[in-house]
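Engineer: Sharing coords_34.csv, CSV, C-alpha atoms:
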```
chain,number,residue,atom,x,y,z
A,1,MET,CA,-27.9,-7.1,81.4
A,2,PHE,CA,-24.9,-7.7,79.2
A,3,ARG,CA,-22.8,-4.6,79.4
A,4,LYS,CA,-19.9,-5.2,77.1
A,5,ASN,CA,-19.7,-4.1,73.5
A,6,SER,CA,-18.2,-6.2,70.7
A,7,GLN,CA,-14.7,-4.6,71.1
A,8,GLN,CA,-14.4,-5.4,74.8
A,9,PHE,CA,-15.9,-8.8,74.3
A,10,ILE,CA,-13.4,-9.8,71.7
A,11,HIS,CA,-10.5,-8.3,73.6
A,12,THR,CA,-11.3,-10.3,76.7
A,13,HIS,CA,-11.6,-13.5,74.8
A,14,LYS,CA,-8.6,-12.9,72.5
A,15,ASP,CA,-6.5,-15.8,73.9
A,16,GLU,CA,-9.4,-18.1,74.0
A,17,ILE,CA,-10.3,-17.4,70.4
A,18,GLU,CA,-6.8,-17.9,69.3
A,19,LYS,CA,-6.5,-21.3,71.0
A,20,LEU,CA,-9.9,-22.5,69.8
A,21,TRP,CA,-9.3,-21.2,66.3
A,22,LYS,CA,-6.1,-23.2,66.1
A,23,GLU,CA,-7.9,-26.4,67.2
A,24,ARG,CA,-10.7,-25.9,64.7
A,25,ARG,CA,-8.3,-25.3,61.9
A,26,THR,CA,-6.5,-28.6,62.5
A,27,THR,CA,-9.8,-30.5,62.4
A,28,ALA,CA,-11.2,-28.7,59.3
A,29,SER,CA,-8.3,-29.7,57.1
A,30,SER,CA,-7.9,-29.0,53.4
A,31,SER,CA,-5.3,-29.8,50.8
A,32,TYR,CA,-3.8,-26.4,51.2
A,33,ASP,CA,-3.2,-26.8,55.0
A,34,HIS,CA,0.4,-25.7,55.0
A,35,ALA,CA,0.0,-22.5,53.1
A,36,ILE,CA,-3.1,-21.6,55.0
A,37,GLU,CA,-1.6,-22.3,58.3
A,38,THR,CA,1.5,-20.1,57.6
A,39,PHE,CA,-0.9,-17.4,56.3
A,40,ILE,CA,-3.0,-17.5,59.5
A,41,THR,CA,0.0,-17.6,61.8
A,42,CYS,CA,1.4,-14.6,60.0
A,43,MET,CA,-1.9,-12.7,60.3
A,44,ILE,CA,-2.2,-13.5,64.0
A,45,HIS,CA,1.5,-12.5,64.4
A,46,ASP,CA,0.6,-9.1,62.8
A,47,GLY,CA,-2.1,-8.6,65.4
A,48,PHE,CA,-5.1,-9.7,63.5
A,49,LEU,CA,-7.2,-10.4,66.5
A,50,GLY,CA,-6.3,-7.0,68.0
A,51,TYR,CA,-7.5,-5.3,64.8
A,52,PHE,CA,-10.5,-7.5,64.8
A,53,ALA,CA,-11.5,-6.2,68.2
A,54,ASP,CA,-10.5,-2.6,67.4
A,55,PHE,CA,-12.7,-2.7,64.3
A,56,PHE,CA,-15.7,-2.4,66.6
A,57,SER,CA,-14.4,0.6,68.5
A,58,LYS,CA,-16.7,3.6,68.7
A,59,GLU,CA,-13.7,5.9,68.3
A,60,GLU,CA,-13.2,6.8,64.7
A,61,GLU,CA,-9.4,6.8,64.9
A,62,VAL,CA,-9.1,3.3,66.4
A,63,HIS,CA,-11.7,2.0,63.9
A,64,LYS,CA,-9.8,3.4,60.9
A,65,GLY,CA,-6.5,2.2,62.3
A,66,ALA,CA,-7.9,-1.3,62.5
A,67,ILE,CA,-9.0,-1.2,58.9
A,68,VAL,CA,-5.6,0.0,57.7
A,69,GLY,CA,-3.9,-2.6,59.9
A,70,ILE,CA,-6.0,-5.4,58.5
A,71,GLU,CA,-5.5,-4.3,54.9
A,72,GLN,CA,-1.8,-4.0,55.3
A,73,ALA,CA,-1.6,-7.4,56.9
A,74,CYS,CA,-3.6,-8.8,54.0
A,75,TYR,CA,-1.4,-7.2,51.4
A,76,ARG,CA,1.6,-8.6,53.2
A,77,HIS,CA,0.5,-12.2,53.5
A,78,VAL,CA,-2.2,-12.9,51.0
A,79,PRO,CA,0.2,-12.9,48.0
A,80,GLN,CA,2.1,-15.9,49.4
A,81,CYS,CA,-1.2,-17.8,49.1
A,82,THR,CA,-1.8,-16.6,45.5
A,83,GLU,CA,1.7,-17.7,44.6
A,84,VAL,CA,1.1,-21.3,45.5
A,85,ASP,CA,-2.3,-21.2,43.8
A,86,VAL,CA,-4.5,-21.6,46.9
A,87,PRO,CA,-8.1,-20.9,45.9
A,88,VAL,CA,-9.7,-17.8,47.3
A,89,SER,CA,-12.4,-20.0,49.1
A,90,ALA,CA,-9.7,-21.9,51.0
A,91,VAL,CA,-8.1,-18.6,52.2
A,92,VAL,CA,-11.5,-17.2,53.3
A,93,GLN,CA,-12.8,-20.3,55.0
A,94,PRO,CA,-10.7,-20.2,58.2
A,95,PHE,CA,-12.1,-16.8,59.1
A,96,TYR,CA,-15.6,-18.1,59.2
A,97,LEU,CA,-14.5,-20.5,62.0
A,98,ILE,CA,-14.1,-17.5,64.2
A,99,ARG,CA,-17.8,-16.8,64.0
A,100,ASP,CA,-18.7,-20.2,65.3
A,101,ILE,CA,-16.2,-19.9,68.1
A,102,LEU,CA,-17.7,-16.6,69.2
A,103,LEU,CA,-21.1,-18.1,69.2
A,104,GLU,CA,-20.0,-21.0,71.4
A,105,THR,CA,-18.3,-19.0,74.1
A,106,GLU,CA,-19.8,-19.4,77.5
A,107,GLU,CA,-20.5,-15.7,78.0
A,108,ILE,CA,-22.6,-15.6,74.8
A,109,GLN,CA,-24.5,-18.7,75.7
A,110,GLN,CA,-25.5,-16.9,78.9
A,111,HIS,CA,-26.5,-13.7,77.2
A,112,PRO,CA,-28.4,-14.7,74.0
A,113,THR,CA,-29.6,-11.1,73.5
A,114,PHE,CA,-26.1,-10.1,72.7
A,115,ILE,CA,-25.9,-12.5,69.7
A,116,LEU,CA,-27.7,-10.4,67.2
A,117,PRO,CA,-25.8,-7.1,67.6
A,118,LEU,CA,-22.5,-9.0,67.8
A,119,MET,CA,-23.1,-11.0,64.7
A,120,LYS,CA,-24.2,-7.9,62.9
A,121,GLU,CA,-20.9,-6.2,63.6
A,122,VAL,CA,-18.9,-9.3,63.0
A,123,GLU,CA,-20.6,-9.7,59.6
A,124,GLN,CA,-19.5,-6.2,58.7
A,125,PHE,CA,-15.9,-7.0,59.6
A,126,PHE,CA,-15.8,-10.2,57.6
A,127,PHE,CA,-17.4,-8.5,54.6
A,128,ARG,CA,-14.6,-5.9,54.7
A,129,LEU,CA,-11.9,-8.6,55.2
A,130,ILE,CA,-13.1,-10.8,52.5
A,131,SER,CA,-13.5,-7.9,50.0
A,132,VAL,CA,-9.8,-7.0,50.7
A,133,ILE,CA,-8.7,-10.6,50.1
A,134,HIS,CA,-10.8,-10.8,46.9
A,135,ASP,CA,-9.3,-7.5,45.7
A,136,ILE,CA,-5.8,-8.8,46.3
A,137,TYR,CA,-6.6,-12.0,44.4
A,138,ALA,CA,-8.1,-10.1,41.5
A,139,SER,CA,-5.3,-7.7,41.2
A,140,THR,CA,-2.7,-10.5,41.3
A,141,TRP,CA,-4.5,-12.2,38.5
A,142,LYS,CA,-4.8,-9.0,36.6
A,143,ASN,CA,-1.1,-8.4,36.9
A,144,LYS,CA,-0.3,-11.9,35.8
A,145,LEU,CA,-2.6,-11.5,32.8
A,146,LEU,CA,-1.0,-8.2,31.9
A,147,ALA,CA,2.4,-9.6,32.1
A,148,GLN,CA,1.4,-12.5,29.9
A,149,ARG,CA,-0.3,-10.2,27.4
A,150,SER,CA,2.8,-8.0,27.1
A,151,ALA,CA,4.9,-11.1,26.7
A,152,MET,CA,2.6,-12.2,23.9
A,153,MET,CA,2.6,-8.8,22.4
A,154,GLU,CA,6.4,-8.8,22.3
A,155,LEU,CA,6.3,-12.1,20.4
A,156,SER,CA,3.4,-11.2,18.3
A,157,ALA,CA,4.8,-9.0,15.6
A,158,PRO,CA,8.5,-9.3,15.0
A,159,LEU,CA,10.1,-7.5,12.1
A,160,ILE,CA,13.2,-9.1,10.6
A,161,PRO,CA,15.5,-7.2,8.4
A,162,LEU,CA,16.5,-9.7,5.8
A,163,PHE,CA,18.7,-8.0,3.2
A,164,GLU,CA,19.4,-4.4,2.7
A,165,ASN,CA,16.0,-2.8,1.9
A,166,ILE,CA,14.1,-6.0,2.4
A,167,THR,CA,12.3,-6.9,5.7
A,168,VAL,CA,10.1,-9.8,6.6
A,169,MET,CA,7.3,-10.0,9.1
A,170,PRO,CA,6.1,-13.5,9.8
A,171,ILE,CA,2.6,-13.6,11.4
A,172,VAL,CA,1.6,-16.7,13.4
A,173,GLY,CA,-1.8,-17.2,15.0
A,174,ALA,CA,-5.1,-15.3,15.0
A,175,ILE,CA,-5.2,-11.6,14.2
A,176,ASP,CA,-7.6,-9.4,16.1
A,177,THR,CA,-8.0,-5.7,15.9
A,178,GLU,CA,-5.6,-5.0,18.7
A,179,ARG,CA,-2.9,-7.2,17.3
A,180,ALA,CA,-3.5,-5.8,13.8
A,181,GLN,CA,-2.8,-2.3,15.1
A,182,LEU,CA,0.5,-3.6,16.7
A,183,ILE,CA,1.4,-5.3,13.5
A,184,THR,CA,0.8,-2.2,11.4
A,185,GLN,CA,2.7,0.0,13.8
A,186,ASN,CA,5.7,-2.4,14.0
A,187,LEU,CA,5.7,-2.7,10.2
A,188,LEU,CA,5.7,1.1,9.7
A,189,TYR,CA,8.2,2.1,12.3
A,190,GLY,CA,10.4,-0.9,11.4
A,191,ALA,CA,10.3,-0.2,7.7
A,192,ILE,CA,11.4,3.4,8.3
A,193,LYS,CA,14.1,2.2,10.8
A,194,TYR,CA,15.6,-0.3,8.3
A,195,GLU,CA,14.9,1.9,5.3
A,196,SER,CA,13.1,-1.0,3.7
A,197,LYS,CA,11.9,-0.7,0.1
A,198,VAL,CA,10.1,-4.0,0.2
A,199,VAL,CA,8.3,-5.5,3.2
A,200,LEU,CA,7.2,-9.2,3.0
A,201,ILE,CA,4.2,-10.2,5.2
A,202,ASP,CA,4.2,-13.9,5.7
A,203,ILE,CA,0.8,-15.3,6.6
A,204,THR,CA,1.6,-19.0,6.4
A,205,GLY,CA,1.0,-19.3,10.1
A,206,VAL,CA,-2.4,-17.6,10.1
A,207,ALA,CA,-4.9,-20.4,10.2
A,208,GLU,CA,-8.0,-18.6,9.3
A,209,VAL,CA,-8.3,-15.6,7.0
A,210,ASN,CA,-11.7,-14.0,7.2
A,211,THR,CA,-13.0,-10.7,5.9
A,212,MET,CA,-11.7,-8.9,9.0
A,213,VAL,CA,-8.2,-10.3,8.9
A,214,ALA,CA,-8.0,-9.6,5.2
A,215,GLN,CA,-9.2,-6.1,5.9
A,216,HIS,CA,-6.4,-5.6,8.4
A,217,ILE,CA,-3.8,-6.9,6.1
A,218,ILE,CA,-5.0,-4.7,3.3
A,219,LYS,CA,-4.9,-1.7,5.6
A,220,ALA,CA,-1.4,-2.5,6.7
A,221,ALA,CA,-0.3,-2.8,3.1
A,222,GLU,CA,-1.8,0.5,2.2
A,223,ALA,CA,-0.2,2.2,5.1
A,224,ILE,CA,3.2,0.8,4.0
A,225,HIS,CA,2.6,2.1,0.6
A,226,LEU,CA,2.0,5.6,2.0
A,227,ILE,CA,5.3,5.8,3.9
A,228,GLY,CA,7.0,4.9,0.7
A,229,ALA,CA,7.7,1.2,0.8
A,230,GLU,CA,6.1,-1.7,-1.0
A,231,CYS,CA,4.3,-4.6,0.5
A,232,ILE,CA,4.1,-8.2,-0.7
A,233,VAL,CA,1.9,-10.7,1.1
A,234,VAL,CA,3.3,-14.2,0.9
A,235,GLY,CA,2.3,-17.6,2.3
A,236,ILE,CA,-1.2,-17.7,0.8
A,237,ARG,CA,-2.3,-21.3,0.9
A,238,PRO,CA,-4.8,-22.6,-1.7
A,239,GLU,CA,-7.6,-22.9,0.8
A,240,ILE,CA,-7.0,-19.3,1.9
A,241,ALA,CA,-7.2,-18.2,-1.7
A,242,GLN,CA,-10.4,-20.1,-2.0
A,243,THR,CA,-12.0,-18.5,1.1
A,244,MET,CA,-10.8,-15.1,0.1
A,245,ILE,CA,-12.4,-15.2,-3.3
A,246,SER,CA,-15.6,-16.8,-2.1
A,247,LEU,CA,-15.9,-14.1,0.6
A,248,GLY,CA,-15.4,-11.5,-2.2
A,249,ILE,CA,-12.3,-10.0,-0.6
A,250,ASP,CA,-10.6,-7.7,-3.1
A,251,MET,CA,-6.9,-8.0,-2.9
A,252,ASP,CA,-6.3,-6.4,-6.3
A,253,MET,CA,-3.9,-3.7,-5.2
A,254,LEU,CA,-1.8,-6.1,-3.2
A,255,THR,CA,1.0,-8.2,-4.6
A,256,THR,CA,0.3,-11.7,-3.3
A,257,LEU,CA,2.4,-14.8,-3.7
A,258,SER,CA,2.0,-18.3,-2.5
A,259,SER,CA,5.4,-18.9,-1.0
A,260,MET,CA,8.2,-17.1,0.8
A,261,SER,CA,10.8,-18.1,-1.7
A,262,GLN,CA,8.7,-16.5,-4.5
A,263,GLY,CA,8.2,-13.5,-2.5
A,264,LEU,CA,11.9,-13.2,-1.8
A,265,ARG,CA,12.7,-13.5,-5.5
A,266,VAL,CA,10.3,-10.7,-6.4
A,267,ALA,CA,11.5,-8.5,-3.6
A,268,LEU,CA,15.1,-8.9,-4.8
A,269,GLU,CA,14.0,-8.1,-8.3
A,270,LYS,CA,12.4,-4.9,-7.1
A,271,THR,CA,15.5,-3.9,-5.3
A,272,GLY,CA,17.7,-4.7,-8.3
A,273,LYS,CA,19.2,-7.9,-7.0
A,274,GLU,CA,19.0,-11.6,-7.9
A,275,ILE,CA,19.9,-14.9,-6.6
A,276,ARG,CA,22.4,-16.7,-8.9
A,277,GLU,CA,23.9,-20.2,-8.7
A,278,ILE,CA,27.7,-20.2,-8.7
A,279,ASN,CA,29.1,-22.7,-11.2
B,1,MET,CA,1.4,31.6,5.0
B,2,ARG,CA,2.8,30.3,1.7
B,3,ILE,CA,4.7,27.1,1.2
B,4,PRO,CA,8.0,27.6,-0.7
B,5,ILE,CA,8.4,25.7,-4.0
B,6,LEU,CA,12.0,25.2,-5.1
B,7,LYS,CA,13.2,24.4,-8.6
B,8,LEU,CA,15.9,21.8,-9.0
B,9,GLY,CA,16.8,21.1,-12.6
B,10,ASN,CA,13.7,19.5,-14.2
B,11,TYR,CA,12.0,19.0,-10.9
B,12,LEU,CA,10.3,20.9,-8.3
B,13,LEU,CA,10.9,20.4,-4.6
B,14,VAL,CA,8.4,21.2,-1.9
B,15,SER,CA,9.0,20.6,1.8
B,16,ILE,CA,6.0,21.2,3.9
B,17,GLN,CA,7.2,22.2,7.4
B,18,VAL,CA,4.1,23.6,8.9
B,19,GLU,CA,0.8,22.0,9.9
B,20,LEU,CA,-1.4,22.6,6.9
B,21,ASP,CA,-4.6,24.5,7.3
B,22,ASP,CA,-7.3,24.6,4.7
B,23,LYS,CA,-6.4,28.0,3.4
B,24,THR,CA,-2.7,27.2,3.1
B,25,ALA,CA,-3.4,24.0,1.4
B,26,VAL,CA,-5.6,25.7,-1.3
B,27,GLN,CA,-3.0,28.4,-1.7
B,28,PHE,CA,-0.3,25.8,-2.1
B,29,GLN,CA,-2.4,24.0,-4.8
B,30,GLN,CA,-2.6,27.1,-6.8
B,31,ASP,CA,1.0,28.1,-6.4
B,32,LEU,CA,2.3,24.6,-7.3
B,33,LEU,CA,0.2,24.5,-10.5
B,34,ASN,CA,1.3,27.9,-11.5
B,35,MET,CA,4.9,27.0,-10.9
B,36,ILE,CA,4.6,23.8,-12.9
B,37,HIS,CA,3.1,25.7,-15.7
B,38,LYS,CA,5.8,28.4,-15.6
B,39,THR,CA,8.8,26.2,-15.3
B,40,GLY,CA,7.6,23.2,-17.4
B,41,SER,CA,8.8,20.8,-14.7
B,42,MET,CA,8.5,17.1,-15.3
B,43,GLY,CA,8.2,16.0,-11.7
B,44,VAL,CA,7.5,17.2,-8.2
B,45,VAL,CA,8.6,15.8,-4.9
B,46,ILE,CA,6.4,16.8,-1.9
B,47,ASP,CA,8.2,16.1,1.4
B,48,LEU,CA,5.8,15.5,4.3
B,49,THR,CA,8.5,14.5,6.9
B,50,SER,CA,7.6,17.3,9.3
B,51,VAL,CA,3.8,17.0,8.9
B,52,GLN,CA,2.3,15.2,12.0
B,53,MET,CA,-1.4,15.5,11.1
B,54,ILE,CA,-3.4,15.3,7.9
B,55,ASP,CA,-7.2,15.6,8.0
B,56,SER,CA,-9.6,14.5,5.3
B,57,TYR,CA,-9.9,17.8,3.6
B,58,ILE,CA,-6.1,18.3,3.3
B,59,ALA,CA,-5.8,14.8,2.1
B,60,ARG,CA,-8.3,15.5,-0.6
B,61,VAL,CA,-6.6,18.7,-1.6
B,62,LEU,CA,-3.3,16.8,-1.8
B,63,GLY,CA,-4.9,14.0,-3.8
B,64,ASP,CA,-6.3,16.6,-6.2
B,65,VAL,CA,-2.9,18.3,-6.6
B,66,VAL,CA,-1.5,15.0,-7.9
B,67,LYS,CA,-4.3,14.6,-10.5
B,68,MET,CA,-4.1,18.2,-11.6
B,69,SER,CA,-0.3,18.1,-11.9
B,70,GLU,CA,-0.6,14.9,-14.0
B,71,LEU,CA,-3.0,16.8,-16.3
B,72,LEU,CA,-0.1,19.3,-16.7
B,73,GLY,CA,2.2,16.4,-17.5
B,74,CYS,CA,4.0,16.4,-14.3
B,75,GLU,CA,4.5,13.5,-12.0
B,76,VAL,CA,4.2,13.8,-8.2
B,77,VAL,CA,6.0,11.7,-5.5
B,78,PHE,CA,5.1,12.1,-1.8
B,79,THR,CA,8.0,11.4,0.6
B,80,GLY,CA,8.5,11.0,4.3
B,81,ILE,CA,4.9,10.3,5.3
B,82,GLN,CA,5.0,9.6,9.0
B,83,PRO,CA,3.7,6.2,10.3
B,84,ALA,CA,1.1,8.0,12.4
B,85,VAL,CA,-0.1,10.1,9.5
B,86,SER,CA,-0.3,7.0,7.3
B,87,ILE,CA,-2.4,5.1,9.9
B,88,THR,CA,-4.7,8.1,10.2
B,89,LEU,CA,-5.1,8.3,6.4
B,90,ILE,CA,-5.9,4.6,6.1
B,91,ASP,CA,-8.4,4.9,8.9
B,92,LEU,CA,-10.0,7.7,7.1
B,93,GLY,CA,-10.3,5.5,4.1
B,94,ILE,CA,-7.8,7.5,2.0
B,95,GLY,CA,-5.4,5.0,0.5
B,96,PHE,CA,-3.7,7.2,-2.0
B,97,ARG,CA,-3.5,4.0,-4.0
B,98,ASN,CA,-2.5,5.5,-7.4
B,99,ILE,CA,0.0,7.9,-5.9
B,100,LYS,CA,3.8,7.4,-5.9
B,101,THR,CA,5.5,7.4,-2.5
B,102,ALA,CA,9.0,7.1,-1.2
B,103,MET,CA,10.6,7.0,2.2
B,104,ASN,CA,12.8,10.0,1.9
B,105,LEU,CA,13.7,12.9,-0.4
B,106,GLU,CA,16.6,11.0,-2.0
B,107,GLN,CA,14.6,8.0,-2.8
B,108,GLY,CA,11.8,10.2,-4.0
B,109,LEU,CA,14.0,11.9,-6.5
B,110,GLU,CA,15.4,8.6,-7.6
B,111,LYS,CA,11.9,7.3,-8.2
B,112,LEU,CA,11.0,10.3,-10.3
B,113,LYS,CA,14.2,9.9,-12.4
B,114,GLN,CA,13.5,6.2,-12.9
B,115,SER,CA,9.9,6.7,-14.1
B,116,LEU,CA,10.7,9.8,-16.3
B,117,GLU,CA,14.1,8.9,-17.7
B,118,GLY,CA,13.8,5.1,-17.6
```
How would this structure read if it were set down as structure tokens?

Structural biologist:
Amino acid sequence: MFRKNSQQFIHTHKDEIEKLWKERRTTASSSYDHAIETFITCMIHDGFLGYFADFFSKEEEVHKGAIVGIEQACYRHVPQCTEVDVPVSAVVQPFYLIRDILLETEEIQQHPTFILPLMKEVEQFFFRLISVIHDIYASTWKNKLLAQRSAMMELSAPLIPLFENITVMPIVGAIDTERAQLITQNLLYGAIKYESKVVLIDITGVAEVNTMVAQHIIKAAEAIHLIGAECIVVGIRPEIAQTMISLGIDMDMLTTLSSMSQGLRVALEKTGKEIREIN
Amino acid sequence: MRIPILKLGNYLLVSIQVELDDKTAVQFQQDLLNMIHKTGSMGVVIDLTSVQMIDSYIARVLGDVVKMSELLGCEVVFTGIQPAVSITLIDLGIGFRNIKTAMNLEQGLEKLKQSLEG
């Protein structure tokens, strides 16, 4: 009768597993060898195999300690893989080698009845480990995405004070609801900050103006009117004028002009200034 | 709670410094119309700088005040509407399209002068 439990079994075979694992990894090579190898070495250095064995302990304290240890090790070393763009599958793969190694040890071969309970427990461990690795990957990507989004947001609605009382907001790219809110907010707070009387919204860079985009622009213009400034929409291209009319978008209460220079002239007029040629 | 209405030459000056509730708003409507009638003022500036929230009812009352004042031959300018308030009003579908607005009291008075005295 086989008397060891999983914890003892792995503990006694720790060195053997480590050696065999290294061999297997060199044979099962992938294009991310270097990064993976450093990662695994770091994990082993942090006592990965010890935690692996302790995970199966019947004592709650030791079991929990192992989980915390594994998670901490992962949080320390997985990010270095995400940084060099190693796919999650390549990071996870080496750990499955351990399963094969365990199965092939002499002791197991002699006691086949032990295979099922051992595999069951090992499976649990891997599930835990892989979930942690996936979580780390997911959170790294999420952070990257958020950083990019905030960078995009910063670039997305700049307000430029042009002359005294005249500000310009050039809009480039598609407008969705979220961006429209940002644009409206920047417009309103900026208009107050610069004490603008006229705000020019330049939509030359907006490729497609559909009903929703037009709605957003109209709303922004109305909001500007409420805080006591005036809004002129410039950069309306002929094809945009065509689509807007055929879509039945009512821009009656907005001042719209085709070019920035026209808009500027009107804005200057409204603030009691004019551009004059000298000589 | 009554909102003070000040007389400044030909104009009336109202600075709303409390959050308007329904009763106050209706009271204000009455007071302002009486005051316009009494003083024969040509213009009113309503300053909303300290107002952080306007609901649809208050918005309607204010909109009505403008129309009623115009019936009495008095022009109304709203000043200092906060960005957040303006966004709320637009979201409620209240554009105040035919209403005069200005960024601050000074510009509001200037606007009244321009439109009344040319």

Engineer: Compile the residues of chain A that lie within 8 Å of chain B, evaluated using all atoms listed in the file, and express the compilation as a PDB file with C-alpha atoms, in the coordinates of the input.

Structural biologist:
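The file below, iface.pdb, is the result:
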```pdb
ATOM      1  CA  GLN A 185       2.700   0.000  13.800  1.00  0.00           C
ATOM      2  CA  LEU A 188       5.700   1.100   9.700  1.00  0.00           C
ATOM      3  CA  TYR A 189       8.200   2.100  12.300  1.00  0.00           C
ATOM      4  CA  ILE A 192      11.400   3.400   8.300  1.00  0.00           C
ATOM      5  CA  GLU A 195      14.900   1.900   5.300  1.00  0.00           C
ATOM      6  CA  LYS A 219      -4.900  -1.700   5.600  1.00  0.00           C
ATOM      7  CA  GLU A 222      -1.800   0.500   2.200  1.00  0.00           C
ATOM      8  CA  ALA A 223      -0.200   2.200   5.100  1.00  0.00           C
ATOM      9  CA  ILE A 224       3.200   0.800   4.000  1.00  0.00           C
ATOM     10  CA  HIS A 225       2.600   2.100   0.600  1.00  0.00           C
ATOM     11  CA  LEU A 226       2.000   5.600   2.000  1.00  0.00           C
ATOM     12  CA  ILE A 227       5.300   5.800   3.900  1.00  0.00           C
ATOM     13  CA  GLY A 228       7.000   4.900   0.700  1.00  0.00           C
ATOM     14  CA  ALA A 229       7.700   1.200   0.800  1.00  0.00           C
ATOM     15  CA  MET A 253      -3.900  -3.700  -5.200  1.00  0.00           C
TER      16      MET A 253
END
```

Engineer: So which residues touch Asn10 (chain B) within 8 Å, counting all atoms listed in the file, skipping near sequence neighbours fewer than 6 positions away, as a ChimeraX atom specification?

Structural biologist: /B:40-43

Engineer: Contacts of Phe126 (chain A) at 12 Å or less, counting all atoms listed in the file, minus same-chain residues fewer than 2 places along, as a list in words?

Structural biologist: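 Residues near the query, excluding close chain neighbours: Phe52, Phe55, Phe56, Ile67, Ile70, Val92, Gln93, Pro94, Phe95, Tyr96, Leu97, Ile98, Arg99, Met119, Lys120, Glu121, Val122, Glu123, Gln124, Arg128, Leu129, Ile130, Ser131, Val132, Ile133 and His134 of chain A.
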
Engineer: What is the distance between CA of Leu112 (chain B) and CA of Leu12 (chain B), in Å to one decimal?

Structural biologist: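 Rounded to one decimal, the two atoms are 10.8 Å apart.
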
Engineer: Kindly give the distance, in Å, that separates CA of Val45 (chain B) and CA of Thr167 (chain A), rounded to a single decimal.

Structural biologist: 25.3 Å

Engineer: How many Å separate CA of Leu162 (chain A) from CA of Ala267 (chain A)?

Structural biologist: 10.7 Å

Engineer: Just the residues within 8 Å of region 247-251 of chain A, please, counting only C-alpha atoms, with nothing from its chain fewer than 2 positions along; format it as number ranges by chain.

Structural biologist: A: 210-211, 214, 218, 243-245, 253-254

Engineer: Of the residues B:Gln29, B:Thr39, B:Gln52, B:Asn34, which is the one nearest to Lys67 (chain B), using all atoms listed in the file?

Structural biologist: B:Gln29

Engineer: Would you please work out which residue, of B:Leu71, B:Val44, B:Leu105, B:Ala25, is nearest to Ser56 (chain B) when using only C-alpha atoms?

Structural biologist: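 Nearest candidate to Ser56 (chain B) out of B:Leu71, B:Val44, B:Leu105, B:Ala25: B:Ala25.
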
Engineer: Determine the nearest neighbour of Met152 (chain A) from the options A:Arg25, A:Val172, A:Ile166, A:Asp135, counting only C-alpha atoms.

Structural biologist: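 Going through A:Arg25, A:Val172, A:Ile166, A:Asp135 one by one, the smallest distance to Met152 (chain A) is for A:Val172.
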
Engineer: Pick out the residues sitting within 12 Å of Gln30 (chain B), and hand them over as a short mmCIF file (atom, residue, chain, number, x, y, z; two decimals) with C-alpha atoms, in the coordinates of the input; count only C-alpha atoms, and ignore anything fewer than 4 positions along from it in its own chain.

Structural biologist:
```cif
data_model
loop_
_atom_site.label_atom_id
_atom_site.label_comp_id
_atom_site.auth_asym_id
_atom_site.auth_seq_id
_atom_site.Cartn_x
_atom_site.Cartn_y
_atom_site.Cartn_z
CA ARG B 2 2.80 30.30 1.70
CA ILE B 3 4.70 27.10 1.20
CA ILE B 5 8.40 25.70 -4.00
CA LYS B 23 -6.40 28.00 3.40
CA THR B 24 -2.70 27.20 3.10
CA ALA B 25 -3.40 24.00 1.40
CA VAL B 26 -5.60 25.70 -1.30
CA ASN B 34 1.30 27.90 -11.50
CA MET B 35 4.90 27.00 -10.90
CA ILE B 36 4.60 23.80 -12.90
CA HIS B 37 3.10 25.70 -15.70
CA VAL B 61 -6.60 18.70 -1.60
CA LEU B 62 -3.30 16.80 -1.80
CA ASP B 64 -6.30 16.60 -6.20
CA VAL B 65 -2.90 18.30 -6.60
CA MET B 68 -4.10 18.20 -11.60
CA SER B 69 -0.30 18.10 -11.90
#
```

Engineer: When you count all atoms listed in the file, which of these residues is closest to Leu200 (chain A): A:Glu269, A:Asp100, A:Glu230, A:Asp176?

Structural biologist: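 Closest residue, counting all atoms listed in the file: A:Glu230.
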
Engineer: In terms of the shortest atom-to-atom distance over only C-alpha atoms, which of A:Ile101, A:Leu182, A:Val91, A:Ala66 is closest to Lys19 (chain A)?

Structural biologist: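 When distances to Lys19 (chain A) are compared using only C-alpha atoms, the smallest one comes from A:Ile101.
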
Engineer: Can you work out which one of A:Leu102, A:Leu20, A:Ile136, A:Val233 has the shortest atom-to-atom distance to Cys74 (chain A), counting all atoms listed in the file?

Structural biologist: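 Closest to Cys74 (chain A) of all the choices is A:Ile136.
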